[in-house]
>>> print(open('final_12.txt').read())   # compact mmCIF, N, CA, C and O atoms
# COMPACT_ATOMS: atom_id res chain seq x y z
N MET A 1 -92.03 -8.78 37.41
CA MET A 1 -93.09 -7.92 37.86
C MET A 1 -94.36 -8.76 38.06
O MET A 1 -94.74 -9.54 37.21
N LYS A 2 -95.00 -8.57 39.19
CA LYS A 2 -96.20 -9.34 39.51
C LYS A 2 -97.38 -8.84 38.66
O LYS A 2 -97.64 -7.64 38.58
N ARG A 3 -98.08 -9.79 38.05
CA ARG A 3 -99.24 -9.43 37.23
C ARG A 3 -100.45 -9.22 38.13
O ARG A 3 -100.60 -9.85 39.16
N HIS A 4 -101.31 -8.32 37.70
CA HIS A 4 -102.54 -8.06 38.44
C HIS A 4 -103.73 -8.26 37.50
O HIS A 4 -103.59 -8.16 36.29
N PRO A 5 -104.89 -8.52 38.06
CA PRO A 5 -106.06 -8.76 37.20
C PRO A 5 -106.52 -7.46 36.54
O PRO A 5 -106.39 -6.37 37.10
N PHE A 6 -107.05 -7.59 35.34
CA PHE A 6 -107.58 -6.45 34.60
C PHE A 6 -108.90 -6.01 35.22
O PHE A 6 -109.78 -6.84 35.47
N GLU A 7 -109.03 -4.73 35.49
CA GLU A 7 -110.26 -4.20 36.07
C GLU A 7 -110.74 -3.03 35.21
O GLU A 7 -110.24 -1.91 35.31
N PRO A 8 -111.72 -3.29 34.33
CA PRO A 8 -112.17 -2.25 33.40
C PRO A 8 -112.82 -1.06 34.10
O PRO A 8 -112.77 0.06 33.58
N ALA A 9 -113.41 -1.25 35.26
CA ALA A 9 -114.04 -0.13 35.96
C ALA A 9 -112.98 0.89 36.38
O ALA A 9 -113.22 2.10 36.29
N ARG A 10 -111.83 0.42 36.82
CA ARG A 10 -110.76 1.35 37.18
C ARG A 10 -110.22 2.08 35.95
O ARG A 10 -109.85 3.25 36.03
N LEU A 11 -110.19 1.39 34.82
CA LEU A 11 -109.77 2.02 33.58
C LEU A 11 -110.72 3.16 33.21
O LEU A 11 -110.28 4.26 32.87
N ILE A 12 -112.01 2.92 33.30
CA ILE A 12 -113.00 3.95 32.97
C ILE A 12 -112.90 5.12 33.94
O ILE A 12 -112.97 6.29 33.53
N SER A 13 -112.72 4.84 35.22
CA SER A 13 -112.57 5.91 36.21
C SER A 13 -111.33 6.75 35.92
O SER A 13 -111.36 7.98 36.00
N GLY A 14 -110.24 6.09 35.56
CA GLY A 14 -109.01 6.81 35.26
C GLY A 14 -109.12 7.66 34.01
O GLY A 14 -108.65 8.81 33.99
N VAL A 15 -109.76 7.13 32.98
CA VAL A 15 -109.94 7.91 31.75
C VAL A 15 -110.84 9.11 32.02
O VAL A 15 -110.60 10.21 31.51
N THR A 16 -111.88 8.92 32.85
CA THR A 16 -112.76 10.03 33.21
C THR A 16 -111.98 11.11 33.94
O THR A 16 -112.11 12.30 33.64
N ALA A 17 -111.17 10.72 34.90
CA ALA A 17 -110.38 11.70 35.67
C ALA A 17 -109.38 12.43 34.77
O ALA A 17 -109.22 13.65 34.88
N LEU A 18 -108.71 11.69 33.88
CA LEU A 18 -107.77 12.33 32.97
C LEU A 18 -108.47 13.29 32.02
O LEU A 18 -107.96 14.38 31.72
N THR A 19 -109.64 12.92 31.53
CA THR A 19 -110.39 13.79 30.64
C THR A 19 -110.82 15.07 31.34
O THR A 19 -110.69 16.18 30.80
N LEU A 20 -111.33 14.93 32.56
CA LEU A 20 -111.73 16.12 33.32
C LEU A 20 -110.54 17.01 33.63
O LEU A 20 -110.61 18.23 33.50
N GLY A 21 -109.44 16.40 34.05
CA GLY A 21 -108.24 17.18 34.35
C GLY A 21 -107.72 17.91 33.13
O GLY A 21 -107.33 19.08 33.20
N THR A 22 -107.73 17.23 31.99
CA THR A 22 -107.28 17.86 30.75
C THR A 22 -108.21 19.00 30.36
O THR A 22 -107.75 20.08 29.95
N GLY A 23 -109.52 18.77 30.49
CA GLY A 23 -110.49 19.82 30.15
C GLY A 23 -110.32 21.05 31.01
O GLY A 23 -110.29 22.18 30.50
N TYR A 24 -110.21 20.85 32.31
CA TYR A 24 -110.03 22.00 33.20
C TYR A 24 -108.66 22.66 33.00
O TYR A 24 -108.53 23.88 33.09
N GLY A 25 -107.65 21.86 32.72
CA GLY A 25 -106.32 22.43 32.46
C GLY A 25 -106.29 23.27 31.20
O GLY A 25 -105.71 24.37 31.18
N LEU A 26 -106.89 22.77 30.13
CA LEU A 26 -106.94 23.54 28.89
C LEU A 26 -107.78 24.80 29.05
O LEU A 26 -107.47 25.85 28.47
N ASP A 27 -108.83 24.71 29.86
CA ASP A 27 -109.65 25.89 30.14
C ASP A 27 -108.85 26.92 30.94
O ASP A 27 -108.93 28.13 30.67
N ALA A 28 -108.06 26.47 31.91
CA ALA A 28 -107.25 27.39 32.71
C ALA A 28 -106.16 28.07 31.88
O ALA A 28 -105.82 29.23 32.12
N LEU A 29 -105.63 27.35 30.89
CA LEU A 29 -104.60 27.93 30.02
C LEU A 29 -105.20 28.84 28.95
O LEU A 29 -104.45 29.56 28.27
N GLY A 30 -106.48 28.81 28.77
CA GLY A 30 -107.12 29.63 27.77
C GLY A 30 -107.08 29.03 26.38
O GLY A 30 -107.42 29.68 25.41
N VAL A 31 -106.67 27.78 26.28
CA VAL A 31 -106.59 27.10 24.98
C VAL A 31 -107.98 26.67 24.52
O VAL A 31 -108.31 26.70 23.34
N TRP A 32 -108.82 26.28 25.47
CA TRP A 32 -110.15 25.77 25.15
C TRP A 32 -111.14 26.36 26.13
O TRP A 32 -110.88 26.43 27.34
N ASP A 33 -112.26 26.81 25.61
CA ASP A 33 -113.31 27.35 26.49
C ASP A 33 -114.24 26.21 26.85
O ASP A 33 -115.14 25.84 26.09
N ALA A 34 -113.99 25.61 28.01
CA ALA A 34 -114.75 24.44 28.45
C ALA A 34 -116.13 24.85 28.93
O ALA A 34 -116.25 25.75 29.77
N PRO A 35 -117.17 24.19 28.43
CA PRO A 35 -118.51 24.47 28.95
C PRO A 35 -118.65 23.89 30.36
O PRO A 35 -118.54 22.68 30.56
N GLY A 36 -118.84 24.76 31.33
CA GLY A 36 -118.87 24.36 32.74
C GLY A 36 -119.82 23.23 33.09
O GLY A 36 -119.42 22.25 33.72
N PRO A 37 -121.09 23.33 32.69
CA PRO A 37 -122.02 22.25 33.08
C PRO A 37 -121.63 20.89 32.50
O PRO A 37 -121.87 19.87 33.13
N TRP A 38 -121.07 20.86 31.32
CA TRP A 38 -120.70 19.58 30.71
C TRP A 38 -119.57 18.90 31.47
O TRP A 38 -119.57 17.68 31.65
N LEU A 39 -118.61 19.69 31.92
CA LEU A 39 -117.52 19.10 32.69
C LEU A 39 -118.02 18.62 34.06
O LEU A 39 -117.56 17.60 34.57
N LEU A 40 -118.96 19.36 34.66
CA LEU A 40 -119.51 18.94 35.94
C LEU A 40 -120.36 17.68 35.80
O LEU A 40 -120.41 16.84 36.70
N LEU A 41 -121.04 17.51 34.67
CA LEU A 41 -121.85 16.31 34.45
C LEU A 41 -121.00 15.12 34.03
O LEU A 41 -121.45 13.97 34.14
N ALA A 42 -119.80 15.37 33.53
CA ALA A 42 -118.94 14.27 33.08
C ALA A 42 -118.47 13.41 34.25
O ALA A 42 -118.34 12.19 34.10
N LEU A 43 -118.25 14.00 35.40
CA LEU A 43 -117.79 13.23 36.56
C LEU A 43 -118.84 12.22 37.03
O LEU A 43 -118.54 11.03 37.12
N PRO A 44 -120.08 12.63 37.31
CA PRO A 44 -121.06 11.62 37.73
C PRO A 44 -121.35 10.60 36.62
O PRO A 44 -121.57 9.41 36.91
N ALA A 45 -121.35 11.04 35.37
CA ALA A 45 -121.59 10.10 34.27
C ALA A 45 -120.48 9.06 34.19
O ALA A 45 -120.74 7.87 34.01
N GLY A 46 -119.24 9.50 34.35
CA GLY A 46 -118.11 8.56 34.32
C GLY A 46 -118.13 7.61 35.49
O GLY A 46 -117.85 6.42 35.34
N LEU A 47 -118.48 8.11 36.67
CA LEU A 47 -118.56 7.24 37.84
C LEU A 47 -119.72 6.25 37.74
O LEU A 47 -119.59 5.10 38.16
N LEU A 48 -120.84 6.69 37.16
CA LEU A 48 -121.97 5.79 36.96
C LEU A 48 -121.60 4.69 35.97
O LEU A 48 -121.86 3.51 36.22
N LEU A 49 -120.96 5.06 34.88
CA LEU A 49 -120.52 4.07 33.90
C LEU A 49 -119.50 3.11 34.51
O LEU A 49 -119.54 1.90 34.26
N SER A 50 -118.63 3.63 35.34
CA SER A 50 -117.65 2.78 36.03
C SER A 50 -118.34 1.80 36.99
O SER A 50 -117.96 0.63 37.06
N GLY A 51 -119.35 2.26 37.69
CA GLY A 51 -120.08 1.38 38.60
C GLY A 51 -120.83 0.28 37.87
O GLY A 51 -120.83 -0.88 38.29
N ILE A 52 -121.46 0.63 36.75
CA ILE A 52 -122.16 -0.37 35.95
C ILE A 52 -121.17 -1.39 35.41
O ILE A 52 -121.42 -2.60 35.43
N THR A 53 -120.03 -0.90 34.93
CA THR A 53 -119.00 -1.80 34.41
C THR A 53 -118.49 -2.73 35.50
O THR A 53 -118.28 -3.92 35.25
N ALA A 54 -118.29 -2.23 36.71
CA ALA A 54 -117.81 -3.07 37.81
C ALA A 54 -118.82 -4.16 38.14
O ALA A 54 -118.45 -5.31 38.39
N ALA A 55 -120.11 -3.82 38.12
CA ALA A 55 -121.15 -4.82 38.42
C ALA A 55 -121.19 -5.90 37.35
O ALA A 55 -121.27 -7.09 37.66
N VAL A 56 -121.13 -5.48 36.09
CA VAL A 56 -121.15 -6.45 34.99
C VAL A 56 -119.90 -7.33 35.03
O VAL A 56 -119.97 -8.55 34.86
N TRP A 57 -118.76 -6.72 35.27
CA TRP A 57 -117.49 -7.46 35.31
C TRP A 57 -117.49 -8.48 36.45
O TRP A 57 -117.02 -9.61 36.29
N ALA A 58 -118.02 -8.10 37.60
CA ALA A 58 -118.09 -9.03 38.74
C ALA A 58 -119.00 -10.20 38.42
O ALA A 58 -118.70 -11.36 38.76
N THR A 59 -120.12 -9.93 37.75
CA THR A 59 -121.04 -11.00 37.37
C THR A 59 -120.39 -11.95 36.38
O THR A 59 -120.51 -13.18 36.51
N VAL A 60 -119.70 -11.41 35.41
CA VAL A 60 -119.03 -12.25 34.40
C VAL A 60 -117.96 -13.10 35.06
O VAL A 60 -117.86 -14.30 34.79
N ARG A 61 -117.17 -12.52 35.95
CA ARG A 61 -116.12 -13.29 36.62
C ARG A 61 -116.70 -14.38 37.50
O ARG A 61 -116.18 -15.50 37.56
N ARG A 62 -117.81 -14.09 38.19
CA ARG A 62 -118.43 -15.08 39.05
C ARG A 62 -118.97 -16.25 38.22
O ARG A 62 -118.79 -17.41 38.58
N HIS A 63 -119.63 -15.96 37.12
CA HIS A 63 -120.16 -17.03 36.27
C HIS A 63 -119.03 -17.85 35.65
O HIS A 63 -119.14 -19.06 35.52
N HIS A 64 -117.95 -17.18 35.28
CA HIS A 64 -116.81 -17.89 34.72
C HIS A 64 -116.16 -18.79 35.77
O HIS A 64 -115.80 -19.93 35.50
N ALA A 65 -116.06 -18.30 37.00
CA ALA A 65 -115.47 -19.09 38.08
C ALA A 65 -116.37 -20.28 38.42
O ALA A 65 -115.88 -21.38 38.68
N ASP A 66 -117.69 -20.08 38.42
CA ASP A 66 -118.62 -21.19 38.69
C ASP A 66 -118.49 -22.27 37.62
O ASP A 66 -118.47 -23.45 37.92
N ARG A 67 -118.39 -21.86 36.38
CA ARG A 67 -118.27 -22.82 35.30
C ARG A 67 -116.95 -23.57 35.40
O ARG A 67 -116.90 -24.78 35.20
N THR A 68 -115.89 -22.88 35.74
CA THR A 68 -114.58 -23.51 35.90
C THR A 68 -114.58 -24.48 37.07
O THR A 68 -114.05 -25.58 36.98
N ASP A 69 -115.21 -24.10 38.18
CA ASP A 69 -115.29 -24.98 39.35
C ASP A 69 -116.07 -26.24 39.04
O ASP A 69 -115.70 -27.33 39.45
N ARG A 70 -117.16 -26.11 38.30
CA ARG A 70 -117.97 -27.27 37.97
C ARG A 70 -117.19 -28.26 37.11
O ARG A 70 -117.22 -29.45 37.34
N THR A 71 -116.46 -27.76 36.13
CA THR A 71 -115.69 -28.67 35.27
C THR A 71 -114.54 -29.29 36.04
O THR A 71 -114.21 -30.45 35.83
N ASP A 72 -113.92 -28.54 36.95
CA ASP A 72 -112.83 -29.10 37.77
C ASP A 72 -113.35 -30.20 38.68
O ASP A 72 -112.71 -31.22 38.85
N ARG A 73 -114.51 -29.99 39.29
CA ARG A 73 -115.07 -31.00 40.20
C ARG A 73 -115.43 -32.28 39.46
O ARG A 73 -115.18 -33.37 39.94
N THR A 74 -116.00 -32.16 38.28
CA THR A 74 -116.37 -33.37 37.54
C THR A 74 -115.14 -34.10 37.06
O THR A 74 -115.11 -35.33 37.04
N ASP A 75 -114.10 -33.39 36.71
CA ASP A 75 -112.85 -34.03 36.30
C ASP A 75 -112.23 -34.79 37.46
O ASP A 75 -111.74 -35.89 37.31
N ARG A 76 -112.25 -34.19 38.65
CA ARG A 76 -111.64 -34.82 39.81
C ARG A 76 -112.42 -36.06 40.25
O ARG A 76 -111.85 -37.05 40.65
N THR A 77 -113.73 -36.01 40.18
CA THR A 77 -114.52 -37.17 40.61
C THR A 77 -114.37 -38.33 39.64
O THR A 77 -114.42 -39.48 40.04
N GLU A 78 -114.17 -38.04 38.37
CA GLU A 78 -113.99 -39.11 37.40
C GLU A 78 -112.63 -39.78 37.55
O GLU A 78 -112.47 -40.96 37.31
N GLU A 79 -111.62 -39.02 37.99
CA GLU A 79 -110.28 -39.55 38.11
C GLU A 79 -109.97 -40.08 39.50
O GLU A 79 -108.92 -40.65 39.73
N ALA A 80 -110.86 -39.90 40.45
CA ALA A 80 -110.61 -40.32 41.84
C ALA A 80 -110.55 -41.83 41.93
O ALA A 80 -111.30 -42.56 41.27
N PRO A 81 -109.64 -42.37 42.74
CA PRO A 81 -109.56 -43.81 42.91
C PRO A 81 -110.80 -44.33 43.65
O PRO A 81 -111.39 -43.65 44.46
N THR A 82 -111.16 -45.56 43.33
CA THR A 82 -112.39 -46.12 43.91
C THR A 82 -112.09 -47.17 44.98
O THR A 82 -112.93 -48.02 45.24
N THR A 83 -110.92 -47.13 45.56
CA THR A 83 -110.59 -48.13 46.59
C THR A 83 -111.28 -47.75 47.89
O THR A 83 -111.37 -46.60 48.27
N GLN A 84 -111.78 -48.77 48.60
CA GLN A 84 -112.43 -48.55 49.87
C GLN A 84 -111.60 -49.22 50.95
O GLN A 84 -111.08 -50.31 50.78
N HIS A 85 -111.51 -48.56 52.07
CA HIS A 85 -110.76 -49.09 53.21
C HIS A 85 -111.73 -49.78 54.16
O HIS A 85 -112.77 -49.24 54.51
N SER A 86 -111.37 -50.96 54.64
CA SER A 86 -112.25 -51.70 55.55
C SER A 86 -111.86 -51.47 56.98
O SER A 86 -110.81 -51.28 57.38
>>> encode(input="final_12.txt", output="structure tokens")
Amino acid sequence: MKRHPFEPARLISGVTALTLGTGYGLDALGVWDAPGPWLLLALPAGLLLSGITAAVWATVRRHHADRTDRTDRTDRTEEAPTTQHS
């Protein structure tokens, strides 16, 4: 099975959707009396948190990639042969 990168923003979006679906489902079954405004506010709050997480995650990945590229370049230049062609 092909591995895929971890994306925490998608995880937060999925948990938000599952929570809302469960809340509305339990309300429809009469098991739980869901407060309407709270469920309506949970969607934008979850999406906002997901967006913030995506921005932070992208910044962290970019800084990690920059640091990795810098160390790779310095390693390659130190190991490069110094022969010159005339």
>>> atom_distance(input="final_12.txt", atom1="atom O of Leu41 in chain A", atom2="CA of Ala17 in chain A")
11.4 Å
>>> residues_around(input="final_12.txt", residues="Gly21 in chain A", least_positions_apart="3", cutoff="12 Å", atoms="only C-alpha atoms", output="PyMOL selection string")
chain A and resi 14-18+24-28+34+39-40+42-43
>>> atom_distance(input="final_12.txt", atom1="atom C of Gly23 in chain A", atom2="CA of Pro44 in chain A")
15.8 Å
>>> residues_around(input="final_12.txt", residues="Ser13 in chain A", least_positions_apart="3", cutoff="8 Å", atoms="all atoms listed in the file", output="list in words")
Glu7, Pro8, Ala9, Arg10, Thr16, Ala17, Leu18, Thr19, Leu20, Leu43, Gly46, Leu47, Leu49, Ser50 and Gly51 of chain A
>>> atom_distance(input="final_12.txt", atom1="CA of Ala45 in chain A", atom2="atom O of Trp57 in chain A")
20.3 Å
>>> select_by_dssp(input="final_12.txt", residues="chain A", states="alpha helix (DSSP H)", output="MDAnalysis selection string")
chainID A and resid 8:29 36:79
